[in-house]
$ cat entry.txt   # compact mmCIF, C-alpha atoms and all ligand atoms
# COMPACT_ATOMS: atom_id res chain seq x y z
CA MET A 1 0.00 0.00 0.00
CA GLY A 2 1.09 3.63 0.18
CA ILE A 3 3.22 4.47 -2.86
CA SER A 4 4.23 0.86 -3.62
CA THR A 5 3.31 -0.59 -7.00
CA LYS A 6 4.19 -3.39 -9.43
CA PHE A 7 6.87 -3.35 -12.11
CA MET A 8 7.66 -6.29 -14.38
CA GLY A 9 6.07 -8.65 -11.86
CA TYR A 10 7.97 -7.25 -8.85
CA ASN A 11 6.50 -5.33 -5.93
CA ILE A 12 8.39 -2.06 -5.76
CA LYS A 13 8.30 0.55 -3.02
CA SER A 14 7.96 3.58 -5.32
CA PRO A 15 6.67 4.06 -8.89
CA ILE A 16 9.88 5.95 -9.78
CA VAL A 17 12.10 3.92 -12.07
CA VAL A 18 15.48 5.38 -12.91
CA GLY A 19 15.87 4.90 -16.64
CA SER A 20 18.88 3.68 -18.52
CA CYS A 21 21.66 6.32 -18.64
CA GLY A 22 25.21 7.01 -17.51
CA LEU A 23 24.07 7.29 -13.88
CA THR A 24 23.01 3.65 -13.88
CA SER A 25 26.39 2.41 -15.12
CA ASN A 26 28.18 3.17 -11.88
CA ILE A 27 27.77 1.06 -8.76
CA GLU A 28 28.30 3.92 -6.28
CA THR A 29 25.59 6.01 -7.98
CA LEU A 30 23.29 2.99 -8.16
CA LYS A 31 23.56 2.60 -4.37
CA LYS A 32 22.67 6.29 -3.92
CA ILE A 33 19.72 5.89 -6.31
CA GLU A 34 18.35 3.10 -4.12
CA GLN A 35 18.96 5.12 -0.93
CA ALA A 36 17.09 8.08 -2.45
CA GLY A 37 14.03 5.81 -2.78
CA ALA A 38 13.79 4.69 -6.42
CA GLY A 39 11.58 1.65 -7.01
CA ALA A 40 13.81 0.04 -9.66
CA VAL A 41 16.76 0.79 -11.95
CA ILE A 42 17.44 0.10 -15.58
CA LEU A 43 21.15 -0.21 -16.23
CA LYS A 44 22.88 1.75 -19.00
CA SER A 45 22.30 -0.02 -22.32
CA LEU A 46 24.85 -2.25 -23.89
CA PHE A 47 25.09 -1.06 -27.49
CA GLU A 48 25.99 -3.11 -30.53
CA GLU A 49 27.62 0.08 -31.85
CA GLN A 50 29.79 0.37 -28.73
CA ILE A 51 31.20 -3.10 -29.35
CA THR A 52 31.90 -2.27 -33.01
CA GLN A 53 33.69 0.97 -32.05
CA GLU A 54 35.93 -0.72 -29.48
CA MET A 55 36.60 -3.46 -31.99
CA ASN A 56 37.78 -0.92 -34.58
CA VAL A 57 40.15 0.60 -32.01
CA ASN A 58 41.56 -2.84 -31.19
CA VAL A 59 41.92 -3.71 -34.86
CA LYS A 60 43.99 -0.52 -35.35
CA VAL A 61 46.16 -1.20 -32.29
CA TYR A 62 46.83 -4.86 -33.00
CA SER A 63 46.69 -5.05 -36.79
CA ALA A 64 50.49 -4.63 -37.16
CA SER A 65 51.25 -7.62 -34.92
CA PHE A 66 48.53 -9.75 -36.52
CA SER A 67 49.31 -8.92 -40.18
CA GLY A 68 49.43 -12.04 -42.31
CA TYR A 69 46.97 -13.93 -40.07
CA PRO A 70 43.57 -13.91 -41.79
CA GLU A 71 41.83 -15.26 -38.69
CA ALA A 72 43.15 -12.34 -36.59
CA TYR A 73 40.23 -10.04 -37.30
CA HIS A 74 37.75 -12.66 -36.12
CA TYR A 75 39.85 -13.21 -32.99
CA ILE A 76 39.91 -9.48 -32.17
CA GLU A 77 36.18 -9.27 -32.80
CA GLU A 78 35.36 -12.11 -30.43
CA HIS A 79 37.86 -10.92 -27.82
CA THR A 80 36.53 -7.32 -27.83
CA LYS A 81 32.92 -8.44 -27.69
CA GLY A 82 33.77 -10.78 -24.82
CA GLU A 83 35.50 -7.97 -22.91
CA VAL A 84 32.64 -5.47 -23.32
CA ILE A 85 30.07 -8.09 -22.31
CA SER A 86 32.16 -9.25 -19.31
CA LYS A 87 32.30 -5.67 -18.00
CA TYR A 88 28.52 -5.41 -18.29
CA ILE A 89 27.96 -8.77 -16.59
CA LYS A 90 30.17 -7.56 -13.72
CA LEU A 91 27.99 -4.43 -13.43
CA ILE A 92 24.87 -6.63 -13.16
CA LYS A 93 26.51 -8.84 -10.50
CA ASP A 94 27.76 -5.82 -8.50
CA ALA A 95 24.36 -4.16 -8.71
CA LYS A 96 22.61 -7.33 -7.59
CA SER A 97 24.91 -7.85 -4.63
CA ASN A 98 24.57 -4.23 -3.48
CA LEU A 99 20.93 -3.36 -4.16
CA SER A 100 17.65 -4.88 -3.12
CA ILE A 101 15.45 -3.11 -5.72
CA PRO A 102 14.96 -4.78 -9.13
CA VAL A 103 17.91 -4.36 -11.47
CA ILE A 104 17.01 -4.48 -15.15
CA ALA A 105 19.71 -5.01 -17.79
CA SER A 106 19.29 -3.06 -21.01
CA VAL A 107 20.39 -3.92 -24.48
CA ASN A 108 20.19 -1.85 -27.63
CA CYS A 109 18.95 -4.46 -30.07
CA ILE A 110 19.41 -4.24 -33.79
CA THR A 111 19.84 -7.93 -34.46
CA ALA A 112 18.38 -10.46 -32.02
CA SER A 113 20.77 -13.32 -32.83
CA GLU A 114 23.76 -11.22 -31.67
CA TRP A 115 22.20 -10.85 -28.24
CA LEU A 116 20.89 -14.29 -27.41
CA PRO A 117 24.03 -15.44 -25.53
CA PHE A 118 24.15 -12.09 -23.71
CA VAL A 119 20.55 -12.38 -22.53
CA LYS A 120 21.33 -15.81 -21.09
CA MET A 121 24.45 -14.46 -19.37
CA ALA A 122 22.51 -11.50 -17.92
CA GLU A 123 19.95 -13.95 -16.54
CA GLU A 124 22.67 -16.09 -14.96
CA ALA A 125 24.31 -12.95 -13.50
CA GLY A 126 21.06 -12.31 -11.61
CA ALA A 127 19.39 -9.53 -13.62
CA ASP A 128 15.72 -9.20 -12.66
CA GLY A 129 14.67 -8.43 -16.22
CA ILE A 130 15.79 -7.27 -19.64
CA GLU A 131 14.84 -4.05 -21.33
CA LEU A 132 15.10 -4.02 -25.10
CA ASN A 133 16.04 -0.51 -26.13
CA MET A 134 14.92 -0.76 -29.73
CA PHE A 135 14.81 1.75 -32.49
CA ILE A 136 15.19 1.92 -36.19
CA LEU A 137 14.64 5.33 -37.70
CA PRO A 138 11.87 4.69 -40.24
CA SER A 139 13.95 6.41 -42.91
CA ASP A 140 14.54 3.50 -45.29
CA ILE A 141 12.27 4.15 -48.24
CA SER A 142 12.13 0.47 -49.11
CA LEU A 143 10.57 -0.48 -45.74
CA SER A 144 6.80 -0.40 -45.24
CA HIS A 145 5.28 0.20 -41.81
CA GLU A 146 4.60 -3.55 -41.61
CA ASP A 147 8.32 -4.25 -42.19
CA VAL A 148 9.29 -1.82 -39.43
CA GLU A 149 6.78 -3.30 -36.98
CA ARG A 150 7.81 -6.86 -37.86
CA PHE A 151 11.37 -5.99 -36.92
CA TYR A 152 10.23 -5.26 -33.33
CA GLU A 153 7.93 -8.27 -33.18
CA ASP A 154 10.59 -10.70 -34.43
CA ILE A 155 13.15 -9.53 -31.89
CA VAL A 156 10.65 -9.77 -29.03
CA HIS A 157 9.71 -13.32 -30.16
CA ILE A 158 13.32 -14.45 -30.35
CA ILE A 159 14.44 -12.89 -27.06
CA LYS A 160 11.34 -14.21 -25.31
CA ARG A 161 12.16 -17.75 -26.39
CA ALA A 162 15.72 -17.35 -25.08
CA THR A 163 14.93 -16.23 -21.54
CA SER A 164 12.43 -16.65 -18.75
CA LEU A 165 13.22 -13.14 -17.48
CA PRO A 166 10.47 -10.52 -17.74
CA ILE A 167 10.99 -8.28 -20.76
CA SER A 168 10.41 -4.55 -21.05
CA LEU A 169 10.31 -3.00 -24.49
CA LYS A 170 11.36 0.64 -24.77
CA ILE A 171 10.02 2.39 -27.85
CA SER A 172 9.71 5.79 -29.45
CA TYR A 173 6.63 7.46 -30.89
CA TYR A 174 7.72 7.05 -34.52
CA PHE A 175 4.96 4.64 -35.54
CA SER A 176 2.25 5.43 -38.03
CA SER A 177 -0.32 3.79 -35.76
CA LEU A 178 1.21 3.99 -32.32
CA THR A 179 -1.73 2.75 -30.21
CA ARG A 180 -2.37 -0.26 -32.40
CA PHE A 181 1.32 -1.16 -32.46
CA ALA A 182 1.56 -0.77 -28.66
CA GLN A 183 -1.42 -3.09 -28.25
CA LYS A 184 -0.11 -5.68 -30.72
CA ILE A 185 3.34 -5.81 -29.15
CA SER A 186 1.85 -6.05 -25.64
CA TRP A 187 0.10 -9.25 -26.72
CA LEU A 188 3.45 -10.92 -27.44
CA GLY A 189 4.13 -11.61 -23.77
CA ILE A 190 6.27 -8.63 -22.78
CA SER A 191 5.88 -7.60 -19.15
CA ASN A 192 6.26 -3.90 -19.65
CA LEU A 193 6.15 -1.23 -22.33
CA ASN A 194 8.37 1.81 -21.76
CA ILE A 195 7.34 5.03 -23.54
CA PHE A 196 9.37 6.92 -24.68
CA ASN A 197 12.99 6.64 -25.55
CA ARG A 198 14.92 9.76 -26.46
CA PHE A 199 17.28 10.07 -29.37
CA TYR A 200 20.36 11.85 -30.47
CA GLN A 201 19.41 15.04 -32.30
CA SER A 202 21.62 17.14 -34.53
CA ASP A 203 21.73 20.82 -35.37
CA ILE A 204 23.59 22.47 -38.28
CA ASN A 205 26.44 24.94 -37.91
CA ILE A 206 25.80 27.45 -40.72
CA ASP A 207 29.44 28.69 -40.72
CA THR A 208 31.34 25.42 -40.74
CA PHE A 209 28.67 23.22 -42.38
CA ASP A 210 29.11 20.71 -39.56
CA THR A 211 26.46 19.03 -37.46
CA PHE A 212 26.56 18.97 -33.68
CA PRO A 213 24.47 17.29 -30.97
CA VAL A 214 21.67 19.18 -29.23
CA ASN A 215 18.99 18.46 -26.60
CA ILE A 216 20.81 15.54 -24.99
CA LYS A 217 18.61 15.95 -21.93
CA SER A 218 14.85 16.36 -22.17
CA SER A 219 12.99 19.55 -21.37
CA HIS A 220 9.78 19.84 -19.40
CA ASP A 221 7.83 20.76 -22.57
CA GLU A 222 8.22 17.19 -23.76
CA LEU A 223 6.08 15.92 -20.89
CA TYR A 224 2.79 16.83 -22.59
CA ASN A 225 3.38 14.45 -25.46
CA THR A 226 4.10 11.70 -22.92
CA ILE A 227 0.94 12.53 -20.94
CA ARG A 228 -1.17 12.36 -24.13
CA TRP A 229 0.13 8.97 -25.25
CA THR A 230 0.05 7.51 -21.73
CA ALA A 231 -3.63 8.47 -21.45
CA ILE A 232 -4.38 6.96 -24.88
CA ILE A 233 -2.25 3.80 -24.75
CA SER A 234 -2.65 2.74 -21.11
CA PRO A 235 -6.23 1.37 -21.40
CA GLU A 236 -5.35 -0.62 -24.53
CA ILE A 237 -2.37 -2.75 -23.58
CA ARG A 238 -2.00 -6.09 -21.85
CA CYS A 239 1.20 -5.36 -19.92
CA SER A 240 2.31 -2.69 -17.50
CA LEU A 241 3.32 0.74 -18.73
CA THR A 242 6.32 2.85 -17.80
CA ALA A 243 5.98 6.45 -18.94
CA GLY A 244 8.69 9.08 -19.18
CA ASN A 245 10.40 11.72 -21.29
CA GLY A 246 10.02 15.23 -19.94
CA VAL A 247 9.54 14.45 -16.22
CA HIS A 248 11.19 17.39 -14.43
CA LYS A 249 8.83 18.24 -11.56
CA ALA A 250 7.53 16.15 -8.66
CA ASP A 251 3.94 16.72 -9.85
CA ASP A 252 4.79 15.09 -13.21
CA ILE A 253 4.97 11.68 -11.54
CA ILE A 254 1.40 12.10 -10.26
CA LYS A 255 0.19 13.29 -13.67
CA LEU A 256 1.58 10.26 -15.49
CA LEU A 257 0.09 7.87 -12.90
CA LEU A 258 -3.27 9.61 -13.36
CA ALA A 259 -2.86 9.18 -17.13
CA GLY A 260 -2.45 5.43 -16.58
CA ALA A 261 1.26 4.69 -16.13
CA ASP A 262 2.17 1.95 -13.64
CA THR A 263 5.63 3.42 -13.16
CA VAL A 264 7.36 6.63 -14.18
CA GLN A 265 10.83 6.82 -15.65
CA VAL A 266 13.17 9.63 -14.66
CA VAL A 267 16.58 10.49 -16.12
CA SER A 268 17.25 14.12 -17.17
CA ALA A 269 15.79 15.53 -13.93
CA LEU A 270 18.41 13.54 -12.01
CA TYR A 271 21.22 15.05 -14.10
CA ASP A 272 19.75 18.54 -13.55
CA GLU A 273 18.54 18.36 -9.94
CA GLY A 274 20.54 15.50 -8.46
CA LEU A 275 19.23 12.34 -6.84
CA ASN A 276 17.31 14.35 -4.24
CA PHE A 277 14.68 14.73 -6.97
CA ILE A 278 13.64 11.13 -6.15
CA VAL A 279 13.22 11.96 -2.45
CA GLU A 280 11.17 15.08 -3.24
CA ALA A 281 8.99 13.31 -5.81
CA ASN A 282 8.21 10.42 -3.43
CA ASN A 283 7.37 12.92 -0.65
CA LYS A 284 5.13 14.91 -2.97
CA LEU A 285 3.31 11.77 -4.11
CA GLU A 286 2.73 10.70 -0.50
CA SER A 287 1.46 14.11 0.64
CA TRP A 288 -0.78 14.48 -2.43
CA MET A 289 -2.29 11.02 -1.84
CA LYS A 290 -2.95 11.91 1.80
CA GLU A 291 -4.61 15.19 0.82
CA LYS A 292 -6.84 13.39 -1.70
CA ASN A 293 -7.55 10.46 0.64
CA PHE A 294 -5.95 7.81 -1.55
CA THR A 295 -4.31 4.95 0.32
CA SER A 296 -2.90 3.18 -2.73
CA ILE A 297 -1.82 4.07 -6.25
CA SER A 298 -4.38 1.67 -7.72
CA GLN A 299 -7.16 3.96 -6.40
CA PHE A 300 -6.23 6.73 -8.84
CA ARG A 301 -3.98 5.19 -11.49
CA GLY A 302 -5.56 5.78 -14.90
CA LYS A 303 -8.25 8.08 -13.53
CA MET A 304 -7.39 10.56 -16.32
CA ALA A 305 -6.91 7.97 -19.08
CA VAL A 306 -9.14 8.22 -22.12
CA LYS A 307 -12.24 6.02 -21.85
CA LYS A 308 -12.17 6.49 -18.06
CA ASN A 309 -12.62 10.24 -17.84
CA LYS A 310 -14.83 12.35 -20.11
CA ASP A 311 -12.46 15.27 -19.78
CA ALA A 312 -9.55 13.14 -21.00
CA SER A 313 -11.00 13.35 -24.51
CA ALA A 314 -8.86 16.53 -24.63
CA PHE A 315 -5.94 14.19 -25.34
CA TYR A 316 -7.49 13.33 -28.71
CA ARG A 317 -7.72 17.01 -29.65
CA VAL A 318 -4.92 18.17 -31.92
CA GLN A 319 -5.89 21.35 -33.78
CA PHE A 320 -5.69 24.82 -32.29
CA MET A 321 -9.26 25.93 -32.93
CA ARG A 322 -9.98 29.21 -31.20
CA TYR A 323 -12.81 27.64 -29.22
CA TYR A 324 -10.33 25.37 -27.40
CA SER A 325 -7.15 27.40 -27.27
CA GLY A 326 -8.53 30.89 -26.68
CA ILE A 327 -5.96 32.23 -29.18
CA GLU A 328 -6.64 33.08 -32.82
C1 LIG B 1 22.79 11.11 -20.86
C2 LIG B 1 21.73 10.13 -21.26
C3 LIG B 1 22.07 8.80 -21.55
C4 LIG B 1 21.09 7.90 -21.95
N1 LIG B 1 21.44 6.59 -22.23
C5 LIG B 1 20.47 5.69 -22.54
C6 LIG B 1 20.77 4.33 -22.76
O1 LIG B 1 21.91 3.88 -22.68
N2 LIG B 1 19.75 3.48 -23.05
C7 LIG B 1 18.45 3.90 -23.12
O2 LIG B 1 17.55 3.07 -23.36
N3 LIG B 1 18.13 5.18 -22.91
C8 LIG B 1 19.11 6.08 -22.63
N4 LIG B 1 18.76 7.39 -22.40
C9 LIG B 1 17.34 7.79 -22.49
C10 LIG B 1 16.69 7.77 -21.09
O3 LIG B 1 16.70 6.48 -20.51
C11 LIG B 1 15.24 8.28 -21.14
O4 LIG B 1 14.48 7.40 -21.93
C12 LIG B 1 15.13 9.67 -21.73
O5 LIG B 1 16.18 10.51 -21.31
C13 LIG B 1 13.79 10.31 -21.39
O6 LIG B 1 13.63 10.48 -20.00
P1 LIG B 1 13.92 11.90 -19.27
O7 LIG B 1 13.01 12.91 -19.85
O8 LIG B 1 13.63 11.63 -17.83
O9 LIG B 1 15.34 12.22 -19.53
C14 LIG B 1 19.73 8.31 -22.03
C15 LIG B 1 19.40 9.64 -21.71
C16 LIG B 1 20.37 10.55 -21.34
C17 LIG B 1 19.95 11.96 -21.02

$ encode --input "entry.txt" --output "structure tokens" --more "lines below"
Ligand SMILES: Cc1cc2nc3c(=O)[nH]c(=O)nc-3n(C[C@H](O)[C@H](O)[C@H](O)COP(=O)(O)O)c2cc1C
Amino acid sequence: MGISTKFMGYNIKSPIVVGSCGLTSNIETLKKIEQAGAGAVILKSLFEEQITQEMNVNVKVYSASFSGYPEAYHYIEEHTKGEVISKYIKLIKDAKSNLSIPVIASVNCITASEWLPFVKMAEEAGADGIELNMFILPSDISLSHEDVERFYEDIVHIIKRATSLPISLKISYYFSSLTRFAQKISWLGISNLNIFNRFYQSDINIDTFDTFPVNIKSSHDELYNTIRWTAIISPEIRCSLTAGNGVHKADDIIKLLLAGADTVQVVSALYDEGLNFIVEANNKLESWMKEKNFTSISQFRGKMAVKKNKDASAFYRVQFMRYYSGIE
């Protein structure tokens, strides 16, 4: 009771889940995250790209000594991959021996077959679940929306067969029919859907004709998109829902629970405000529940989701007609 809830089949003491990021790749910070009162943590993702980059460095360093040995490249590839994965497995083991909240491993999946052995190793290392951080930019003109969706479905099928761990799928909003896709993927036996991931964005330097990264962290303005889709998707899916992207104030946690999230993911606010944000958000949630006479989250979760609240039909509204916005 109180602010406890469920996440990927586990009872957790707070609906705040610290999302995958640099903060969750360090054991000392992970301990502080638990002390601050987070309900669960998702470790920094292991990226296929990261392995390839380190492999390229190793190939450069060792190529002189291996020249003339055609099997050398394969050796370096396997060795590098093994090293990167071993480091990650150590992080899982350290996290599990130091924390009592659920620890979810995260993998950036592009090809499922690459990750099957890793998923097994993560399970053996004690991870409480796997989050698939999946995204392909739907930019390939030869791919239909069915092709793009099948890519997600196939990976979920394959990973599900390889592990008995609960699976969370983290997605973006780049789907032509987001609600239908969310529903379809939730029927494939995932435990949790995490909306939304955030992506690298580039700006253009008009003097040097270079590109450079912008908006690494979210801003509070992004919350409203998350509230809308949480209110629309939450009544339609058959698994639990984690909502995030734009959470920067303690009240935002309450808003996303009202919109139908089971748990709320926080990352950028922790970079900006420090881990005390978790303490303040939990306190705010408790005091708000007391003021409104709620003794458990289930009493109000989804109260503002579409289909449950007439006023929530506002989340379907998209055009700025004067009648609604008050501005011509
Ligand atoms: C510095 C940084 C690193 C991140 N690294 C990852 C990552 O490795 N894997 C992942 O799934 N998401 C990653 N994310 C995305 C976050 O987990 C989260 O989905 C996103 O930032 C939206 O939440 P927020 O508004 O609370 O920041 C990262 C975000 C930031 C700001």

$ axis_aligned_box --input "entry.txt" --around "ligand LIG 1 (chain B)" --padding-each-side "6 Å" --output "AutoDock Vina command-line options"
--center_x 17.9 --center_y 8.0 --center_z -20.6 --size_x 21.8 --size_y 21.8 --size_z 17.5

$ residues_around --input "entry.txt" --residues "A:Cys21" --least-positions-apart "2" --cutoff "8 Å" --atoms "all atoms listed in the file" --output "number ranges by chain"
A: 19, 23-25, 43-45, 267

$ write_last_selection --input "entry.txt" --atoms "C-alpha atoms" --output "mmCIF file, keeping the file's coordinate frame"
data_model
loop_
_atom_site.group_PDB
_atom_site.id
_atom_site.type_symbol
_atom_site.label_atom_id
_atom_site.label_comp_id
_atom_site.auth_asym_id
_atom_site.auth_seq_id
_atom_site.Cartn_x
_atom_site.Cartn_y
_atom_site.Cartn_z
ATOM 1 C CA GLY A 19 15.870 4.900 -16.640
ATOM 2 C CA LEU A 23 24.070 7.290 -13.880
ATOM 3 C CA THR A 24 23.010 3.650 -13.880
ATOM 4 C CA SER A 25 26.390 2.410 -15.120
ATOM 5 C CA LEU A 43 21.150 -0.210 -16.230
ATOM 6 C CA LYS A 44 22.880 1.750 -19.000
ATOM 7 C CA SER A 45 22.300 -0.020 -22.320
ATOM 8 C CA VAL A 267 16.580 10.490 -16.120
#

$ atom_distance --input "entry.txt" --atom1 "atom CA of A:Leu165" --atom2 "atom CA of A:Glu123"
6.8 Å

$ closest_residue --input "entry.txt" --among "A:Lys160, A:Lys308, A:His248, A:Lys6" --to "ligand LIG 1 (chain B)" --atoms "only C-alpha atoms and all ligand atoms"
A:His248

$ closest_residue --input "entry.txt" --among "A:Asn197, A:Thr263, A:Thr5, A:Ser313" --to "ligand LIG 1 (chain B)" --atoms "all atoms listed in the file"
A:Asn197

$ residues_near_point --input "entry.txt" --point "(9.6, 2.8, -36.9)" --cutoff "10 Å" --atoms "all atoms listed in the file" --output "NGL selection string"
:A and (134-140 or 143-152 or 171-176 or 178)

$ closest_residue --input "entry.txt" --among "A:Ser268, A:Ser219, A:Asn276, A:Gln183" --to "A:Ile233" --atoms "all atoms listed in the file"
A:Gln183

$ residues_near_ligand --input "entry.txt" --ligand "ligand LIG 1 (chain B)" --cutoff "8 Å" --atoms "all atoms listed in the file" --output "PDB file with C-alpha atoms, keeping the file's coordinate frame"
ATOM      1  CA  VAL A  18      15.480   5.380 -12.910  1.00  0.00           C
ATOM      2  CA  GLY A  19      15.870   4.900 -16.640  1.00  0.00           C
ATOM      3  CA  SER A  20      18.880   3.680 -18.520  1.00  0.00           C
ATOM      4  CA  CYS A  21      21.660   6.320 -18.640  1.00  0.00           C
ATOM      5  CA  GLY A  22      25.210   7.010 -17.510  1.00  0.00           C
ATOM      6  CA  LEU A  43      21.150  -0.210 -16.230  1.00  0.00           C
ATOM      7  CA  LYS A  44      22.880   1.750 -19.000  1.00  0.00           C
ATOM      8  CA  SER A  45      22.300  -0.020 -22.320  1.00  0.00           C
ATOM      9  CA  LEU A  46      24.850  -2.250 -23.890  1.00  0.00           C
ATOM     10  CA  PHE A  47      25.090  -1.060 -27.490  1.00  0.00           C
ATOM     11  CA  SER A 106      19.290  -3.060 -21.010  1.00  0.00           C
ATOM     12  CA  VAL A 107      20.390  -3.920 -24.480  1.00  0.00           C
ATOM     13  CA  ASN A 108      20.190  -1.850 -27.630  1.00  0.00           C
ATOM     14  CA  GLU A 131      14.840  -4.050 -21.330  1.00  0.00           C
ATOM     15  CA  LEU A 132      15.100  -4.020 -25.100  1.00  0.00           C
ATOM     16  CA  ASN A 133      16.040  -0.510 -26.130  1.00  0.00           C
ATOM     17  CA  MET A 134      14.920  -0.760 -29.730  1.00  0.00           C
ATOM     18  CA  LYS A 170      11.360   0.640 -24.770  1.00  0.00           C
ATOM     19  CA  ILE A 195       7.340   5.030 -23.540  1.00  0.00           C
ATOM     20  CA  PHE A 196       9.370   6.920 -24.680  1.00  0.00           C
ATOM     21  CA  ASN A 197      12.990   6.640 -25.550  1.00  0.00           C
ATOM     22  CA  ARG A 198      14.920   9.760 -26.460  1.00  0.00           C
ATOM     23  CA  PHE A 199      17.280  10.070 -29.370  1.00  0.00           C
ATOM     24  CA  ILE A 216      20.810  15.540 -24.990  1.00  0.00           C
ATOM     25  CA  LYS A 217      18.610  15.950 -21.930  1.00  0.00           C
ATOM     26  CA  SER A 218      14.850  16.360 -22.170  1.00  0.00           C
ATOM     27  CA  SER A 219      12.990  19.550 -21.370  1.00  0.00           C
ATOM     28  CA  HIS A 220       9.780  19.840 -19.400  1.00  0.00           C
ATOM     29  CA  GLU A 222       8.220  17.190 -23.760  1.00  0.00           C
ATOM     30  CA  LEU A 223       6.080  15.920 -20.890  1.00  0.00           C
ATOM     31  CA  GLY A 244       8.690   9.080 -19.180  1.00  0.00           C
ATOM     32  CA  ASN A 245      10.400  11.720 -21.290  1.00  0.00           C
ATOM     33  CA  GLY A 246      10.020  15.230 -19.940  1.00  0.00           C
ATOM     34  CA  VAL A 247       9.540  14.450 -16.220  1.00  0.00           C
ATOM     35  CA  HIS A 248      11.190  17.390 -14.430  1.00  0.00           C
ATOM     36  CA  GLN A 265      10.830   6.820 -15.650  1.00  0.00           C
ATOM     37  CA  VAL A 266      13.170   9.630 -14.660  1.00  0.00           C
ATOM     38  CA  VAL A 267      16.580  10.490 -16.120  1.00  0.00           C
ATOM     39  CA  SER A 268      17.250  14.120 -17.170  1.00  0.00           C
ATOM     40  CA  ALA A 269      15.790  15.530 -13.930  1.00  0.00           C
ATOM     41  CA  LEU A 270      18.410  13.540 -12.010  1.00  0.00           C
ATOM     42  CA  TYR A 271      21.220  15.050 -14.100  1.00  0.00           C
TER      43      TYR A 271
END

$ residues_around --input "entry.txt" --residues "A:Leu91" --least-positions-apart "3" --cutoff "9 Å" --atoms "all atoms listed in the file" --output "PDB file with C-alpha atoms, in the frame of the given file"
ATOM      1  CA  SER A  25      26.390   2.410 -15.120  1.00  0.00           C
ATOM      2  CA  ASN A  26      28.180   3.170 -11.880  1.00  0.00           C
ATOM      3  CA  ILE A  27      27.770   1.060  -8.760  1.00  0.00           C
ATOM      4  CA  LEU A  43      21.150  -0.210 -16.230  1.00  0.00           C
ATOM      5  CA  SER A  86      32.160  -9.250 -19.310  1.00  0.00           C
ATOM      6  CA  LYS A  87      32.300  -5.670 -18.000  1.00  0.00           C
ATOM      7  CA  TYR A  88      28.520  -5.410 -18.290  1.00  0.00           C
ATOM      8  CA  ASP A  94      27.760  -5.820  -8.500  1.00  0.00           C
ATOM      9  CA  ALA A  95      24.360  -4.160  -8.710  1.00  0.00           C
ATOM     10  CA  LYS A  96      22.610  -7.330  -7.590  1.00  0.00           C
TER      11      LYS A  96
END

$ closest_residue --input "entry.txt" --among "A:Ile254, A:Ala312, A:Leu241, A:Leu188" --to "A:Asn282" --atoms "all atoms listed in the file"
A:Ile254

$ closest_residue --input "entry.txt" --among "A:Gly82, A:Ala38, A:Asp262, A:Phe277" --to "A:Gly302" --atoms "all atoms listed in the file"
A:Asp262

$ atom_distance --input "entry.txt" --atom1 "atom CA of A:Gly126" --atom2 "atom CA of A:Val264"
23.5 Å

$ atom_distance --input "entry.txt" --atom1 "atom CA of A:Ile101" --atom2 "atom CA of A:Pro15"
11.8 Å

$ closest_residue --input "entry.txt" --among "A:Phe212, A:Lys90, A:Ile232, A:Ile190" --to "A:Arg161" --atoms "all atoms listed in the file"
A:Ile190

$ residues_around --input "entry.txt" --residues "A:Ile104" --least-positions-apart "6" --cutoff "8 Å" --atoms "all atoms listed in the file" --output "mmCIF file with C-alpha atoms, in the frame of the given file"
data_model
loop_
_atom_site.group_PDB
_atom_site.id
_atom_site.type_symbol
_atom_site.label_atom_id
_atom_site.label_comp_id
_atom_site.auth_asym_id
_atom_site.auth_seq_id
_atom_site.Cartn_x
_atom_site.Cartn_y
_atom_site.Cartn_z
ATOM 1 C CA ALA A 40 13.810 0.040 -9.660
ATOM 2 C CA VAL A 41 16.760 0.790 -11.950
ATOM 3 C CA ILE A 42 17.440 0.100 -15.580
ATOM 4 C CA LEU A 43 21.150 -0.210 -16.230
ATOM 5 C CA ALA A 127 19.390 -9.530 -13.620
ATOM 6 C CA ASP A 128 15.720 -9.200 -12.660
ATOM 7 C CA GLY A 129 14.670 -8.430 -16.220
ATOM 8 C CA ILE A 130 15.790 -7.270 -19.640
ATOM 9 C CA GLU A 131 14.840 -4.050 -21.330
#
